[in-house]
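Participant: Handing you a structure now.
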Amino acid sequence: MKPFAYLRADTVADAVRACAAHPGAKFLGGGTNLVDLMKLGVETPGLLVDVSRLPLDRVTDTPEGGLRIGATVRNSDLAAHPAVRTRYPALSQALLAGASGQLRNIATTGGNLLQRTRCPYFQDTSKPCNKRAPGTGCPAREGTHRDLAVLGHSEECVATHPSDMAVALAALDADAVLEGPEGERTVPVTAFHRLPGDNPDADTVVRPGELVTEVLLPPLPDGTVSLYRKARDRASYAFALASVAAVLRVRDGRVEHAALAFGGLAHRPWRARAAEEILHGAPAGDATFLRAADAELAAARPLRDNAFKVRLARHLAVDALAELAART
Ligand SMILES: Cc1cc2nc3c(=O)[nH]c(=O)nc-3n(C[C@H](O)[C@H](O)[C@H](O)COP(=O)(O)OP(=O)(O)OC[C@H]3O[C@@H](n4cnc5c(N)ncnc54)[C@H](O)[C@@H]3O)c2cc1C
Ligand code: SF4
């Protein structure tokens, strides 16, 4: 590991100031992703600004009836929070489907949103990779890509975003609040992560020195139910091959409200707008759910070894919607 300086920030302002003053500095949340990447030589920050002790560790109600989640809230605490479990079960389930108990006890909300891809070439500095070293190429496209993207990828990069939590947040219409050298701004989680295009080195729209301070969950429309489903290679911890977060309300046999997001399929949580358009107002049943899933997944461009993800996502979505419909 390359030598680095360490600073523990006591206030948000100090953290932002310290990061802005040292180009290449990184915030440190739980360190479960960043420190691993530093050991591999993928990340080489000259300064770590530890934000894990900032007073951003609370989950509180908003006046509108939603939730305000501090960026340093641990994944385990968020999953177990009574308001999350009862009002946003999809979020609790997504968190519990991610990593292991030990990792969730230390991983933070901000760090989970900003964790980096698990593409094997990205993590191996002896290999070329456009995300790690722009312009060097993408060996995954012809090489090992079974776990990688089927939607929204480019010639430059076919990586997936690994977070389960972010998929639920995308379906729940959450916002991320950022504090940076130029002040505060709010970004919808659906617009927080980028598609790779021709500069896959930028995973998100976060600007240098910007700190995630909190995530805002709006109240869900009355009568909606939600869930998160994840398909993975083994029952103990593993990243999603495909996953789905779904929110649904059915009245008099018709879909009144639907929000759907896929994980494991793209460079960002994939909000399924085409599927939602078909769902709204349609009879709630397998025929509609299949039509909606197929409409969304028609945009898929699988690679040699990952076409199975399209079928997997289709089944996950239809099952999730059917289960929710039976509950409303
Ligand atoms: C074996 C293993 C299995 C895993 N399985 C899963 C899984 O199945 N699903 C899943 O979703 N995840 C999984 N993970 C990933 C894990 O969830 C992430 O490592 C974790 O959420 C990152 O959070 P952290 O607080 O430790 O982030 P850190 O490692 O501290 O930071 C990650 C990145 O976020 C930045 N950062 C941290 N906090 C902030 C902030 N407040 N504002 C701005 N930038 C910030 C850091 O600079 C860094 O770039 C797994 C990890 C491991 C090691
Ligand atoms: S898919 Fe993206 S992260 Fe993986 S090798 Fe290609 S450029 Fe790098």
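Simple scheme: letters A, B, ... for chains in structure tokens order, numbers from 1 for residues in each chain, numbers from 1 for ligands in the order shown.
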If you take only C-alpha atoms and a cut-off of 9 Å, which residues of region 182-269 of chain A touch region 10-16 of chain A, and what are their nearest atom pairs and distances in Å to one decimal, in chain and number order, as JSON lines?

Facilitator:
```
{"residue": "A:Gly209", "atom": "CA", "partner": "A:Val16", "partner_atom": "CA", "distance": 6.0}
{"residue": "A:Glu210", "atom": "CA", "partner": "A:Val16", "partner_atom": "CA", "distance": 6.7}
{"residue": "A:Leu211", "atom": "CA", "partner": "A:Val16", "partner_atom": "CA", "distance": 6.6}
{"residue": "A:Thr213", "atom": "CA", "partner": "A:Val12", "partner_atom": "CA", "distance": 7.9}
```

Participant: Just want the residues within 7 Å of ligand 2, written as number ranges by chain, counting only C-alpha atoms and all ligand atoms.

Facilitator: A: 117, 119-122, 128-132, 137-141, 156-159, 200

Participant: From the list A:Leu103, A:Met38, A:Leu7, A:Leu172, which residue is nearest Gly66 (chain A) when using only C-alpha atoms?

Facilitator: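 Between A:Leu103, A:Met38, A:Leu7, A:Leu172, the residue approaching Gly66 (chain A) most closely is A:Leu172.
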
Participant: Within 6 Å of ligand 1, which residues show up when you count only C-alpha atoms and all ligand atoms? List them as number ranges by chain, please.

Facilitator: A: 26-34, 71, 98-99, 107-108, 110-112, 114-115, 162-165, 211-213, 237-239

Participant: Which residue gives the smallest distance to Arg271 (chain A) among A:Leu324, A:Leu169, A:Ala231, A:Leu216, with only C-alpha atoms counted?

Facilitator: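 Nearest candidate to Arg271 (chain A) out of A:Leu324, A:Leu169, A:Ala231, A:Leu216: A:Leu169.
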
Participant: Counting only C-alpha atoms, figure out which residue out of A:Ala176, A:Val73, A:Val35, A:Val247 gets nearest to Ala90 (chain A).

Facilitator: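 Among the listed residues, the smallest separation from Ala90 (chain A) belongs to A:Val247.
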
Participant: Taking only C-alpha atoms into account, name the residue in A:Ala149, A:Asp61, A:Ala235, A:Val318 that is nearest to Leu303 (chain A).

Facilitator: A:Ala149

Participant: Closest to Glu43 (chain A) among A:Pro55, A:Gly143, A:Gly24, A:Pro181, using only C-alpha atoms?

Facilitator: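 So, comparing all the options, the nearest one is A:Gly24.
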
Participant: Skip Leu316 (chain A) itself and residues of its chain fewer than 3 positions away, then list as a PyMOL selection string all residues within 12 Å of it, counting only C-alpha atoms.

Facilitator: chain A and resi 227-232+240-246+260-263+289-290+293-294+309-313+319-323

Participant: Report as a PyMOL selection string all protein, DNA and RNA residues lying within 8 Å of Gly41 (chain A), evaluated on only C-alpha atoms, omitting residues in the same chain fewer than 6 positions from it.

Facilitator: chain A and resi 1-2+125

Participant: Using DSSP on the backbone coordinates, identify all residues within region 134-264 of chain A classified as helix (DSSP H, G or I); present the result as number ranges by chain.

Facilitator: A: 165-171, 189-191

Participant: Mind dumping the selected residues with all heavy atoms as a compact mmCIF listing (two decimals), in the first residue's frame?

Facilitator:
```
# COMPACT_ATOMS: atom_id res chain seq x y z
N MET A 165 -28.30 -1.57 -2.02
CA MET A 165 -29.03 -0.47 -1.39
C MET A 165 -29.46 0.58 -2.41
O MET A 165 -30.59 1.08 -2.39
CB MET A 165 -28.13 0.19 -0.33
CG MET A 165 -28.77 1.34 0.40
SD MET A 165 -27.57 2.29 1.37
CE MET A 165 -26.84 3.31 0.10
N ALA A 166 -28.54 0.89 -3.36
CA ALA A 166 -28.82 1.96 -4.32
C ALA A 166 -29.99 1.60 -5.24
O ALA A 166 -30.71 2.49 -5.71
CB ALA A 166 -27.57 2.26 -5.14
N VAL A 167 -30.18 0.31 -5.47
CA VAL A 167 -31.29 -0.12 -6.35
C VAL A 167 -32.62 0.17 -5.66
O VAL A 167 -33.57 0.70 -6.27
CB VAL A 167 -31.15 -1.62 -6.70
CG1 VAL A 167 -32.29 -2.08 -7.60
CG2 VAL A 167 -29.80 -1.86 -7.38
N ALA A 168 -32.69 -0.16 -4.37
CA ALA A 168 -33.91 0.14 -3.62
C ALA A 168 -34.13 1.65 -3.55
O ALA A 168 -35.25 2.14 -3.76
CB ALA A 168 -33.81 -0.45 -2.22
N LEU A 169 -33.06 2.40 -3.30
CA LEU A 169 -33.21 3.87 -3.22
C LEU A 169 -33.70 4.44 -4.55
O LEU A 169 -34.48 5.40 -4.57
CB LEU A 169 -31.87 4.52 -2.83
CG LEU A 169 -31.37 4.25 -1.41
CD1 LEU A 169 -30.02 4.94 -1.19
CD2 LEU A 169 -32.38 4.72 -0.36
N ALA A 170 -33.25 3.85 -5.66
CA ALA A 170 -33.70 4.34 -6.98
C ALA A 170 -35.19 4.10 -7.16
O ALA A 170 -35.92 4.96 -7.66
CB ALA A 170 -32.90 3.65 -8.09
N ALA A 171 -35.68 2.94 -6.74
CA ALA A 171 -37.12 2.65 -6.89
C ALA A 171 -37.95 3.49 -5.93
O ALA A 171 -39.12 3.77 -6.20
CB ALA A 171 -37.37 1.16 -6.65
N VAL A 189 -31.29 9.87 -6.64
CA VAL A 189 -30.42 8.69 -6.72
C VAL A 189 -30.46 8.10 -8.14
O VAL A 189 -29.47 7.55 -8.61
CB VAL A 189 -30.82 7.64 -5.65
CG1 VAL A 189 -30.13 6.31 -5.88
CG2 VAL A 189 -30.45 8.18 -4.27
N THR A 190 -31.58 8.27 -8.86
CA THR A 190 -31.65 7.77 -10.24
C THR A 190 -30.67 8.49 -11.17
O THR A 190 -30.36 7.99 -12.25
CB THR A 190 -33.07 7.92 -10.81
OG1 THR A 190 -33.51 9.25 -10.55
CG2 THR A 190 -34.04 6.93 -10.19
N ALA A 191 -30.22 9.68 -10.76
CA ALA A 191 -29.28 10.44 -11.62
C ALA A 191 -27.90 10.51 -10.98
O ALA A 191 -27.01 11.22 -11.47
CB ALA A 191 -29.82 11.85 -11.84
```
